[in-house]
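J.: Mind having a look at this structure? Questions to follow.
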Amino acid sequence: MLAQSVTSLPDPQEPLPRFVGAGTPMRDLVRAHRWEETPLGPIAGWPGSLRTAASVVLHSVTPMFLWWGEQLTQIYNDAYVPCFGAGKHPAALGQAGRHCWPEIWHIIGPQIEAVRHGGEARWYTDNLVPIWRNGHIEDVFWSYTYTPVFDEQDQVGGVLVVCTETTAQVLAERRRHALDLLARRLLACRSDDDVHAAVTQAASDNPGDLLDVTLLSGAAADAFRGSHELVVIRAAELQLCDELALAFQVSPRLPMDSAYRQFLEQFTATVCATLSRLQSDRALAHAMAESDRLNSDLNLSSRIKDEFLAMLGHELRNPLAPIVTALKLMKLRGQAGDTGQEQAVIQRQVDHLVRLVDDLLDVSRIASGKVELRKETVPLADVLNKAIEMASPLLEQRQHRLLVDVPTVRWHGDPARLAQVVSNLLSNAARYTPAGGHVTLATRIKGGTVQLQVTDDGNGIPPQLLPHVFDLFVQGNRQLDRAKGGLGIGLALVRNLVQMHGGDVSAYSAGEGRGSTFTITLPDSVVAESTAPMAEGNNAAEPAAVSEQSTGLRVLVVDDNQDAADSLAELLGALGYRPSVAYDPAQAIALAAASMPQVAILDIGLPGMDGFELAGHLRRLPDGDGLKLLALSGYGQENDKTRSRQAGFAAHLVKPINIAELQLSLA
C-alpha cells in the first residue's frame, strides 16, 4: 500500500524531534508524514534504534535509504531523492519496499533478506539494477552496501543502504571499450564490405547501447528524418565526409542524453575515418597502379626506342657496308679501272638509304601535322603500278609470285602517298613471306569506294601482336638475322596516310604461319570505268657467280645481302686473297664441304640459321676444327662483341668494314 501524501504540518506546540532535524525538504517531509498510518507508528513512539538509524540517514550528505521492520518501511534522505527520477518520490516515503520496487524486487529482495537473516553487511559494485523512472524502465548501475541495523532486542530491525549511482561511469567505460574494439576491427578492414561487417559486429558486441547500426548514404538518410526509433548521425554534421550517415537503433532503457549522443557521434567519426582511409588507399593504389603503368609504358618506350636505334644503326650499316667497300675498290683500281659495277651497288644502296630517311621524315612530319595531301584525279592502275615498281626489287630478291587485280578506274587522292602506302604493304608481305611465296594485290570497287587488299601466305601475325601492328616501331618477332629488315614505321605510316584520306586500314591473320591480309578502304574517291585483267609476275633473282683467284689465303664470305657479299669478295680479291661467296647457310656448308677455306667471314644475321649456328656446322666438317672465324654484323655494341668471342670467333667486324681492321683480323 502506498503511503499517504502529506496534508498538514505538525502542531507547532508539539516539540520537534531532534533526531529528524529540520531545514531540508526530506527532513520536513519526514516530520510531516503520517507515520501513525504505517507499521512504524507515531514518530514519538519510535524505539531508540530506529531513531538513531533515521538520524544517520537524514543528516547524511551521502545517498542513504533505510528499510525497517517486517514490511521494510522506507525512509531516505535528500541526497537519495535524485536517484528516483520522476514517478516514485515522494510517495515512496513510508511505503513498503516490495510495493515501491516491484520491478527490481527479484534482485534486491533476496539481497535484503540475506542481510536480515545473516546479520552481515553486503557490498555490491557497479551492479545493474534497472528501475522504473521518468516513465519507463531505465538501466541503472549502482555501487551500494546493505548494512544490518539492530533493534533493542538485539535482532536485525532494519537494513541501511548507502548507495551511489555509477551509471554514467559504467556507460562511459562500456562505450569507450566499444569504440576501442570498433577501432581495432576497422583497422583490419580492407574494403567497404569489411567495414559493414565490423559495424554489425560492434552492435552485437554492445547490445546495451546499440540494437542495430546501418550505414547510409547522404540521400538515404533523409528517409529516416523524424524517426523516433532511430537516431541518425550525419558525418557532414561532424565536418567529415559529406555522403555518409549512420542510423542507430538505440536502447529504450537509456536516456538520449549528451553522453549517449557523443558516443554515437564518436562511433560515426570512427567509421567515417576508416571509409575515408579506404578511399584514400584506393586512390593511392590507383595512383600507384597508374604510376606503375606509366613507368611500364616509359620503360617500354625506352626499350622500343633503344631497339629502334639499334635497328636504325643496323639498317643504315647494311647499305653503308657495300657502299664503303665499293668506294675502296674504286680507289684501289685507280682511274683506269671499270667502276660500273661498284657504281650500280652504290646507287642501289643509296636508294635504300633514301627510302629509310624518307620514312623517318614522314613519321616526323605526320606527328607534327606538317604533311599535306596533294590530291588529283588519276588512273588507279597508274598508282598501283608505281607501288609495284617500288616494291619489286624486294619481291624479286625473295623470288615471290605476285598476282595483281587492278580495275581501270579513276581515283581522286594523293597518288604519291597511296603508292607509298601500297608499296609498304607489298614490301612487308615480301619480307615476312618465305622465298618463293605468293603475294596478291586485289582491288574491289563498291560504288564510290575502293577497297585494296594485300594478301600473302607468309609468316602470319601472332594474336597478341595483331592489335598493335599499326603502332609506331612495332614489328613481328625480330630474329637475330634481321632478314625481314625495316624500322617498324611502315605500317604506322600506312595507317596515318590512309586516315588522312578519310579511310581506314585493318589487318587479319589466322595465326603464325598462316599468312596475313591487309585491307585499305577509301570511301567516296573513285569513278568506275572498266575492269583490267589479272596480271602475273614471277621474278627470281639468280645468285651471282662465284669467282676465285688462284693465289692467296682462301676466304669464305657468307652474307645474305648479295651486294655486300659480292663487294666484300671483290675487295678481298683486290687485296690478294682467294674469296668464295655464299648467300645462305646451306650454300656455305656445301662450299666448305667441297673445299674447306682457311678463313670464314660469317654474317651473324643470316636468315634461317644465324652465324653462330653456321659456325658450329662448319667446325664439325672435315678439317673444320682449324677454320678461323670472323663475325660480321650490323650490331657493334660491347655485348655483341662479347657474344662473338664466347662463340669462338677470332674477331667481330662491324659493317661497314674497316679495311685495316679486316686485314689485321685476316693476318
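A note on labels: chains of the C-alpha cells are A, B, ... as shown, every chain counts residues from 1, and ligands are counted from 1 in their shown order.
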Can you list every residue in region 383-629 of chain A that DSSP puts in alpha helix (DSSP H), as an MDAnalysis selection string?
T.: chainID A and resid 383:397 415:431 490:500 562:574 585:594 611:619
J.: Near Arg176 (chain A), within 10 Å and counting only C-alpha atoms, which residues show up once chain neighbours fewer than 6 positions away are dropped, as a list of chain:residue names?
T.: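 Counting only C-alpha atoms, the residues come to A:Val170, A:Leu182, A:Phe263, A:Gln266, A:Phe267.
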J.: Neighbouring residues of Leu210 (chain A) were defined as those with any atom within 10 Å, considering only C-alpha atoms; residues of the same chain fewer than 2 positions away were excluded. Please report them as a ChimeraX atom specification.
T.: /A:200,202-208,212-213,248-252,264
J.: Residues as selected, all heavy atoms, written as a tab-separated table (two decimals), in the first residue's frame, can you do that?
T.:
chain	number	residue	atom	x	y	z
A	200	THR	N	28.38	-4.08	-37.93
A	200	THR	CA	27.36	-5.03	-37.47
A	200	THR	C	27.84	-5.78	-36.24
A	200	THR	O	27.09	-5.98	-35.27
A	200	THR	CB	27.02	-6.02	-38.59
A	200	THR	OG1	26.54	-5.30	-39.72
A	200	THR	CG2	25.97	-7.02	-38.14
A	202	ALA	N	30.02	-4.71	-34.09
A	202	ALA	CA	30.08	-3.76	-32.97
A	202	ALA	C	28.73	-3.66	-32.29
A	202	ALA	O	28.65	-3.56	-31.05
A	202	ALA	CB	30.54	-2.39	-33.47
A	203	ALA	N	27.64	-3.68	-33.05
A	203	ALA	CA	26.31	-3.64	-32.46
A	203	ALA	C	26.03	-4.92	-31.66
A	203	ALA	O	25.43	-4.87	-30.58
A	203	ALA	CB	25.26	-3.45	-33.55
A	204	SER	N	26.49	-6.06	-32.20
A	204	SER	CA	26.29	-7.33	-31.49
A	204	SER	C	27.08	-7.36	-30.19
A	204	SER	O	26.64	-7.93	-29.19
A	204	SER	CB	26.71	-8.50	-32.39
A	204	SER	OG	25.94	-8.53	-33.56
A	205	ASP	N	28.27	-6.74	-30.19
A	205	ASP	CA	29.12	-6.75	-29.00
A	205	ASP	C	28.60	-5.83	-27.91
A	205	ASP	O	28.94	-6.00	-26.74
A	205	ASP	CB	30.54	-6.32	-29.37
A	205	ASP	CG	31.25	-7.36	-30.23
A	205	ASP	OD1	30.80	-8.52	-30.22
A	205	ASP	OD2	32.23	-7.00	-30.90
A	206	ASN	N	27.78	-4.83	-28.25
A	206	ASN	CA	27.33	-3.86	-27.25
A	206	ASN	C	25.82	-3.66	-27.37
A	206	ASN	O	25.34	-2.57	-27.71
A	206	ASN	CB	28.06	-2.52	-27.46
A	206	ASN	CG	27.75	-1.52	-26.37
A	206	ASN	OD1	27.18	-1.86	-25.33
A	206	ASN	ND2	28.11	-0.27	-26.61
A	207	PRO	N	25.04	-4.72	-27.07
A	207	PRO	CA	23.59	-4.60	-27.22
A	207	PRO	C	22.96	-3.66	-26.20
A	207	PRO	O	21.83	-3.21	-26.40
A	207	PRO	CB	23.10	-6.04	-27.01
A	207	PRO	CG	24.16	-6.68	-26.16
A	207	PRO	CD	25.45	-6.05	-26.59
A	208	GLY	N	23.69	-3.35	-25.13
A	208	GLY	CA	23.15	-2.42	-24.16
A	208	GLY	C	22.99	-1.02	-24.70
A	208	GLY	O	22.09	-0.28	-24.29
A	212	ASP	N	21.02	-1.88	-33.24
A	212	ASP	CA	21.34	-2.09	-34.65
A	212	ASP	C	22.00	-0.82	-35.17
A	212	ASP	O	21.73	0.29	-34.68
A	212	ASP	CB	20.09	-2.40	-35.47
A	212	ASP	CG	20.42	-2.81	-36.90
A	212	ASP	OD1	21.39	-3.56	-37.08
A	212	ASP	OD2	19.72	-2.36	-37.82
A	213	VAL	N	22.90	-1.00	-36.17
A	213	VAL	CA	23.55	0.14	-36.82
A	213	VAL	C	23.51	-0.09	-38.33
A	213	VAL	O	23.84	-1.18	-38.80
A	213	VAL	CB	25.02	0.31	-36.37
A	213	VAL	CG1	25.63	1.56	-37.00
A	213	VAL	CG2	25.11	0.38	-34.85
A	248	PHE	N	21.24	4.65	-36.01
A	248	PHE	CA	21.39	3.82	-34.81
A	248	PHE	C	20.01	3.51	-34.23
A	248	PHE	O	19.20	4.42	-34.00
A	248	PHE	CB	22.20	4.56	-33.74
A	248	PHE	CG	23.61	4.88	-34.14
A	248	PHE	CD1	23.92	6.10	-34.75
A	248	PHE	CD2	24.63	3.97	-33.93
A	248	PHE	CE1	25.22	6.40	-35.11
A	248	PHE	CE2	25.94	4.27	-34.29
A	248	PHE	CZ	26.23	5.48	-34.89
A	249	GLN	N	19.77	2.23	-34.01
A	249	GLN	CA	18.62	1.83	-33.20
A	249	GLN	C	19.11	1.73	-31.78
A	249	GLN	O	19.84	0.79	-31.42
A	249	GLN	CB	18.04	0.50	-33.68
A	249	GLN	CG	16.75	0.11	-32.97
A	249	GLN	CD	16.13	-1.15	-33.52
A	249	GLN	OE1	16.59	-1.69	-34.52
A	249	GLN	NE2	15.09	-1.64	-32.86
A	250	VAL	N	18.75	2.71	-30.96
A	250	VAL	CA	19.34	2.85	-29.62
A	250	VAL	C	18.48	2.11	-28.59
A	250	VAL	O	17.35	1.71	-28.85
A	250	VAL	CB	19.48	4.33	-29.24
A	250	VAL	CG1	20.48	5.01	-30.17
A	250	VAL	CG2	18.15	5.04	-29.29
A	251	SER	N	19.06	1.97	-27.40
A	251	SER	CA	18.37	1.27	-26.32
A	251	SER	C	17.24	2.13	-25.76
A	251	SER	O	17.47	3.30	-25.40
A	251	SER	CB	19.35	0.92	-25.20
A	251	SER	OG	18.66	0.40	-24.08
A	252	PRO	N	16.03	1.58	-25.62
A	252	PRO	CA	14.94	2.35	-25.00
A	252	PRO	C	15.09	2.43	-23.48
A	252	PRO	O	14.32	3.14	-22.82
A	252	PRO	CB	13.69	1.55	-25.39
A	252	PRO	CG	14.18	0.15	-25.56
A	252	PRO	CD	15.58	0.25	-26.08
A	264	LEU	N	27.53	8.13	-29.97
A	264	LEU	CA	27.10	7.84	-31.34
A	264	LEU	C	27.90	8.68	-32.34
A	264	LEU	O	28.24	8.20	-33.43
A	264	LEU	CB	25.61	8.11	-31.49
A	264	LEU	CG	24.67	7.31	-30.57
A	264	LEU	CD1	23.22	7.67	-30.85
A	264	LEU	CD2	24.89	5.81	-30.73
J.: Residues of region 584-655 of chain A that approach region 563-566 of chain A to 12 Å or less, counting only C-alpha atoms: could you list each one with the shortest pair of atoms and its distance in Å to one decimal, rows by chain and increasing residue number, as a tab-separated table?
T.:
residue	atom	partner	partner_atom	distance
A:Asp584	CA	A:Ala565	CA	10.6
A:Ile601	CA	A:Ala565	CA	9.8
A:Leu602	CA	A:Ala565	CA	10.0
A:Asp603	CA	A:Ala565	CA	9.3
A:Leu632	CA	A:Ala565	CA	10.8
A:Ser633	CA	A:Ala564	CA	11.6
A:Gly634	CA	A:Ala564	CA	11.8
A:Lys655	CA	A:Ala564	CA	9.5
J.: Keeping only N, CA, C and O atoms, take the residues you just selected and write them out as a PDB file, in the first residue's frame.
T.:
ATOM      1  N   ASP A 584      73.646 -17.951 -98.408  1.00  0.00           N
ATOM      2  CA  ASP A 584      72.805 -18.556 -97.367  1.00  0.00           C
ATOM      3  C   ASP A 584      73.599 -19.675 -96.702  1.00  0.00           C
ATOM      4  O   ASP A 584      74.615 -20.145 -97.248  1.00  0.00           O
ATOM      5  N   ILE A 601      84.266 -15.578 -93.143  1.00  0.00           N
ATOM      6  CA  ILE A 601      83.653 -14.341 -92.629  1.00  0.00           C
ATOM      7  C   ILE A 601      82.141 -14.545 -92.685  1.00  0.00           C
ATOM      8  O   ILE A 601      81.558 -14.623 -93.776  1.00  0.00           O
ATOM      9  N   LEU A 602      81.513 -14.661 -91.498  1.00  0.00           N
ATOM     10  CA  LEU A 602      80.097 -15.039 -91.415  1.00  0.00           C
ATOM     11  C   LEU A 602      79.255 -13.864 -90.933  1.00  0.00           C
ATOM     12  O   LEU A 602      79.517 -13.294 -89.869  1.00  0.00           O
ATOM     13  N   ASP A 603      78.246 -13.515 -91.736  1.00  0.00           N
ATOM     14  CA  ASP A 603      77.257 -12.537 -91.282  1.00  0.00           C
ATOM     15  C   ASP A 603      76.450 -13.191 -90.151  1.00  0.00           C
ATOM     16  O   ASP A 603      75.893 -14.279 -90.321  1.00  0.00           O
ATOM     17  N   LEU A 632      80.653 -10.958 -88.727  1.00  0.00           N
ATOM     18  CA  LEU A 632      80.300  -9.739 -89.455  1.00  0.00           C
ATOM     19  C   LEU A 632      78.860  -9.382 -89.073  1.00  0.00           C
ATOM     20  O   LEU A 632      77.956 -10.214 -89.172  1.00  0.00           O
ATOM     21  N   SER A 633      78.640  -8.138 -88.590  1.00  0.00           N
ATOM     22  CA  SER A 633      77.308  -7.789 -88.085  1.00  0.00           C
ATOM     23  C   SER A 633      77.078  -6.290 -88.197  1.00  0.00           C
ATOM     24  O   SER A 633      78.020  -5.496 -88.185  1.00  0.00           O
ATOM     25  N   GLY A 634      75.820  -5.927 -88.285  1.00  0.00           N
ATOM     26  CA  GLY A 634      75.448  -4.519 -88.210  1.00  0.00           C
ATOM     27  C   GLY A 634      75.344  -4.033 -86.780  1.00  0.00           C
ATOM     28  O   GLY A 634      75.198  -2.842 -86.524  1.00  0.00           O
ATOM     29  N   LYS A 655      79.778  -3.657 -89.713  1.00  0.00           N
ATOM     30  CA  LYS A 655      79.522  -3.044 -91.008  1.00  0.00           C
ATOM     31  C   LYS A 655      79.425  -1.522 -90.865  1.00  0.00           C
ATOM     32  O   LYS A 655      78.806  -1.048 -89.903  1.00  0.00           O
TER      33      LYS A 655
END
J.: Would you pick out the contacts of region 72-74 of chain A at 8 Å or less, using only C-alpha atoms, so that residues sharing its chain but fewer than 3 positions from it are not included, and give the list as an mmCIF file with N, CA, C and O atoms, in the first residue's frame?
T.:
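The result, written out as selection09.cif:
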data_model
loop_
_atom_site.group_PDB
_atom_site.id
_atom_site.type_symbol
_atom_site.label_atom_id
_atom_site.label_comp_id
_atom_site.auth_asym_id
_atom_site.auth_seq_id
_atom_site.Cartn_x
_atom_site.Cartn_y
_atom_site.Cartn_z
ATOM 1 N N THR A 38 1.445 3.968 9.268
ATOM 2 C CA THR A 38 2.396 2.988 8.754
ATOM 3 C C THR A 38 2.716 1.981 9.845
ATOM 4 O O THR A 38 2.403 2.204 11.023
ATOM 5 N N PRO A 39 3.347 0.862 9.494
ATOM 6 C CA PRO A 39 3.736 -0.120 10.519
ATOM 7 C C PRO A 39 4.697 0.464 11.565
ATOM 8 O O PRO A 39 4.828 -0.121 12.654
ATOM 9 N N LEU A 40 5.355 1.602 11.292
ATOM 10 C CA LEU A 40 6.293 2.166 12.268
ATOM 11 C C LEU A 40 5.582 2.882 13.399
ATOM 12 O O LEU A 40 6.162 3.077 14.480
ATOM 13 N N PHE A 65 19.351 5.094 2.452
ATOM 14 C CA PHE A 65 17.997 4.556 2.396
ATOM 15 C C PHE A 65 17.866 3.563 3.547
ATOM 16 O O PHE A 65 18.767 2.747 3.753
ATOM 17 N N LEU A 66 16.764 3.651 4.282
ATOM 18 C CA LEU A 66 16.567 2.752 5.422
ATOM 19 C C LEU A 66 15.274 1.970 5.239
ATOM 20 O O LEU A 66 14.220 2.540 4.958
ATOM 21 N N TRP A 67 15.388 0.604 5.330
ATOM 22 C CA TRP A 67 14.217 -0.259 5.392
ATOM 23 C C TRP A 67 14.086 -0.752 6.843
ATOM 24 O O TRP A 67 15.069 -1.233 7.428
ATOM 25 N N TRP A 68 12.840 -0.637 7.385
ATOM 26 C CA TRP A 68 12.683 -1.017 8.801
ATOM 27 C C TRP A 68 11.458 -1.901 8.968
ATOM 28 O O TRP A 68 10.418 -1.675 8.343
ATOM 29 N N GLY A 69 11.628 -2.906 9.816
ATOM 30 C CA GLY A 69 10.533 -3.785 10.176
ATOM 31 C C GLY A 69 10.284 -4.843 9.119
ATOM 32 O O GLY A 69 10.956 -4.953 8.099
ATOM 33 N N ALA A 92 7.182 7.294 -2.167
ATOM 34 C CA ALA A 92 7.994 6.197 -1.656
ATOM 35 C C ALA A 92 8.266 6.325 -0.162
ATOM 36 O O ALA A 92 8.581 5.325 0.501
ATOM 37 N N LEU A 93 8.161 7.554 0.419
ATOM 38 C CA LEU A 93 8.433 7.735 1.850
ATOM 39 C C LEU A 93 7.358 7.022 2.668
ATOM 40 O O LEU A 93 6.162 7.223 2.470
ATOM 41 N N GLY A 94 7.785 6.116 3.563
ATOM 42 C CA GLY A 94 6.873 5.358 4.406
ATOM 43 C C GLY A 94 6.235 4.183 3.703
ATOM 44 O O GLY A 94 5.435 3.459 4.312
ATOM 45 N N GLN A 95 6.591 3.960 2.431
ATOM 46 C CA GLN A 95 5.989 2.865 1.668
ATOM 47 C C GLN A 95 6.758 1.575 1.909
ATOM 48 O O GLN A 95 7.956 1.583 2.207
ATOM 49 N N ALA A 96 6.074 0.432 1.820
ATOM 50 C CA ALA A 96 6.732 -0.861 1.946
ATOM 51 C C ALA A 96 7.645 -1.077 0.736
ATOM 52 O O ALA A 96 7.303 -0.743 -0.402
ATOM 53 N N GLY A 97 8.833 -1.659 0.983
ATOM 54 C CA GLY A 97 9.824 -1.826 -0.076
ATOM 55 C C GLY A 97 9.320 -2.611 -1.262
ATOM 56 O O GLY A 97 9.559 -2.263 -2.426
ATOM 57 N N ARG A 98 8.592 -3.723 -0.991
ATOM 58 C CA ARG A 98 8.115 -4.565 -2.088
ATOM 59 C C ARG A 98 7.158 -3.797 -2.989
ATOM 60 O O ARG A 98 7.144 -3.991 -4.201
ATOM 61 N N GLY A 158 16.322 -3.549 10.857
ATOM 62 C CA GLY A 158 16.226 -2.879 9.550
ATOM 63 C C GLY A 158 17.517 -3.050 8.757
ATOM 64 O O GLY A 158 18.508 -3.616 9.233
#
J.: Would you return as a PyMOL selection string the members of region 363-529 of chain A that DSSP assigns to strand (DSSP E) on this structure's backbone?
T.: chain A and resi 376-379+401-404+408-413+438-446+449-456+504-508+516-522+526-529
J.: I'd like the contact shell of Gly448 (chain A) - 12 Å cut-off, only C-alpha atoms, skipping same-chain residues fewer than 3 positions apart - returned as a PDB file with C-alpha atoms, in the first residue's frame.
T.:
ATOM      1  CA  VAL A 409      39.011   3.402-112.679  1.00  0.00           C
ATOM      2  CA  ARG A 410      39.991   6.945-111.977  1.00  0.00           C
ATOM      3  CA  TRP A 411      40.744   7.731-108.370  1.00  0.00           C
ATOM      4  CA  HIS A 412      40.852  11.061-106.548  1.00  0.00           C
ATOM      5  CA  ARG A 444      37.246  -4.149-105.187  1.00  0.00           C
ATOM      6  CA  ILE A 445      35.038  -1.255-106.235  1.00  0.00           C
ATOM      7  CA  GLN A 451      38.977  -1.439-101.279  1.00  0.00           C
ATOM      8  CA  THR A 521      39.121   1.161 -97.580  1.00  0.00           C
ATOM      9  CA  LEU A 522      38.965   4.588 -99.262  1.00  0.00           C
ATOM     10  CA  PRO A 523      35.368   5.865 -99.430  1.00  0.00           C
ATOM     11  CA  ASP A 524      33.889   8.274-101.991  1.00  0.00           C
ATOM     12  CA  SER A 525      37.034   8.527-104.106  1.00  0.00           C
ATOM     13  CA  VAL A 526      36.593   6.571-107.349  1.00  0.00           C
ATOM     14  CA  VAL A 527      34.617   6.542-110.569  1.00  0.00           C
ATOM     15  CA  ALA A 528      34.498   3.138-112.272  1.00  0.00           C
ATOM     16  CA  GLU A 529      35.438   2.930-115.969  1.00  0.00           C
TER      17      GLU A 529
END
J.: Please, what distance in Å, to one decimal, runs between CA of His89 (chain A) and CA of Leu29 (chain A)?
T.: 11.1 Å
J.: As a list in words, please: the residues near Gln111 (chain A) (cut-off 10 Å, only C-alpha atoms, same-chain neighbours under 6 positions excluded).
T.: Trp105, Ala121, Arg122, Trp123, Tyr124 and Tyr146 of chain A
J.: Give me a file of those residues, with all heavy atoms, as an mmCIF file, in the first residue's frame.
T.:
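Written file, selection_15.cif:
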data_model
loop_
_atom_site.group_PDB
_atom_site.id
_atom_site.type_symbol
_atom_site.label_atom_id
_atom_site.label_comp_id
_atom_site.auth_asym_id
_atom_site.auth_seq_id
_atom_site.Cartn_x
_atom_site.Cartn_y
_atom_site.Cartn_z
ATOM 1 N N TRP A 105 12.370 -6.191 -7.377
ATOM 2 C CA TRP A 105 12.339 -6.944 -6.124
ATOM 3 C C TRP A 105 12.993 -8.317 -6.271
ATOM 4 O O TRP A 105 13.545 -8.857 -5.317
ATOM 5 C CB TRP A 105 10.903 -7.077 -5.610
ATOM 6 C CG TRP A 105 10.890 -7.413 -4.140
ATOM 7 C CD1 TRP A 105 10.540 -8.588 -3.566
ATOM 8 C CD2 TRP A 105 11.277 -6.536 -3.096
ATOM 9 N NE1 TRP A 105 10.678 -8.535 -2.199
ATOM 10 C CE2 TRP A 105 11.138 -7.259 -1.888
ATOM 11 C CE3 TRP A 105 11.728 -5.227 -3.040
ATOM 12 C CZ2 TRP A 105 11.434 -6.710 -0.637
ATOM 13 C CZ3 TRP A 105 12.001 -4.686 -1.803
ATOM 14 C CH2 TRP A 105 11.874 -5.423 -0.623
ATOM 15 N N ALA A 121 26.877 -7.432 6.618
ATOM 16 C CA ALA A 121 26.729 -6.438 5.551
ATOM 17 C C ALA A 121 27.124 -7.042 4.196
ATOM 18 O O ALA A 121 27.939 -7.959 4.123
ATOM 19 C CB ALA A 121 27.585 -5.212 5.852
ATOM 20 N N ARG A 122 26.544 -6.497 3.162
ATOM 21 C CA ARG A 122 26.858 -6.916 1.804
ATOM 22 C C ARG A 122 27.231 -5.691 0.965
ATOM 23 O O ARG A 122 26.658 -4.614 1.124
ATOM 24 C CB ARG A 122 25.655 -7.616 1.148
ATOM 25 C CG ARG A 122 25.229 -8.901 1.850
ATOM 26 C CD ARG A 122 26.294 -9.989 1.745
ATOM 27 N NE ARG A 122 25.929 -11.206 2.422
ATOM 28 C CZ ARG A 122 25.273 -12.224 1.849
ATOM 29 N NH1 ARG A 122 24.920 -12.129 0.580
ATOM 30 N NH2 ARG A 122 24.967 -13.300 2.540
ATOM 31 N N TRP A 123 28.195 -5.907 0.039
ATOM 32 C CA TRP A 123 28.684 -4.803 -0.797
ATOM 33 C C TRP A 123 28.560 -5.218 -2.260
ATOM 34 O O TRP A 123 29.004 -6.281 -2.670
ATOM 35 C CB TRP A 123 30.148 -4.509 -0.436
ATOM 36 C CG TRP A 123 30.722 -3.277 -1.120
ATOM 37 C CD1 TRP A 123 30.165 -2.534 -2.094
ATOM 38 C CD2 TRP A 123 31.987 -2.683 -0.842
ATOM 39 N NE1 TRP A 123 30.957 -1.506 -2.463
ATOM 40 C CE2 TRP A 123 32.119 -1.565 -1.693
ATOM 41 C CE3 TRP A 123 33.032 -2.980 0.046
ATOM 42 C CZ2 TRP A 123 33.243 -0.748 -1.696
ATOM 43 C CZ3 TRP A 123 34.138 -2.159 0.042
ATOM 44 C CH2 TRP A 123 34.246 -1.056 -0.814
ATOM 45 N N TYR A 124 27.982 -4.326 -3.052
ATOM 46 C CA TYR A 124 27.787 -4.561 -4.475
ATOM 47 C C TYR A 124 28.378 -3.376 -5.259
ATOM 48 O O TYR A 124 28.112 -2.219 -4.924
ATOM 49 C CB TYR A 124 26.301 -4.710 -4.813
ATOM 50 C CG TYR A 124 25.639 -5.838 -4.044
ATOM 51 C CD1 TYR A 124 25.029 -5.598 -2.797
ATOM 52 C CD2 TYR A 124 25.640 -7.132 -4.546
ATOM 53 C CE1 TYR A 124 24.434 -6.627 -2.084
ATOM 54 C CE2 TYR A 124 25.038 -8.164 -3.839
ATOM 55 C CZ TYR A 124 24.451 -7.909 -2.611
ATOM 56 O OH TYR A 124 23.874 -8.924 -1.905
ATOM 57 N N TYR A 146 24.544 -2.999 1.826
ATOM 58 C CA TYR A 146 23.401 -3.304 2.697
ATOM 59 C C TYR A 146 23.977 -3.629 4.078
ATOM 60 O O TYR A 146 24.729 -4.597 4.228
ATOM 61 C CB TYR A 146 22.613 -4.509 2.173
ATOM 62 C CG TYR A 146 21.714 -4.201 0.981
ATOM 63 C CD1 TYR A 146 21.040 -5.228 0.322
ATOM 64 C CD2 TYR A 146 21.511 -2.896 0.545
ATOM 65 C CE1 TYR A 146 20.203 -4.975 -0.757
ATOM 66 C CE2 TYR A 146 20.689 -2.631 -0.525
ATOM 67 C CZ TYR A 146 20.035 -3.664 -1.175
ATOM 68 O OH TYR A 146 19.214 -3.397 -2.230
#
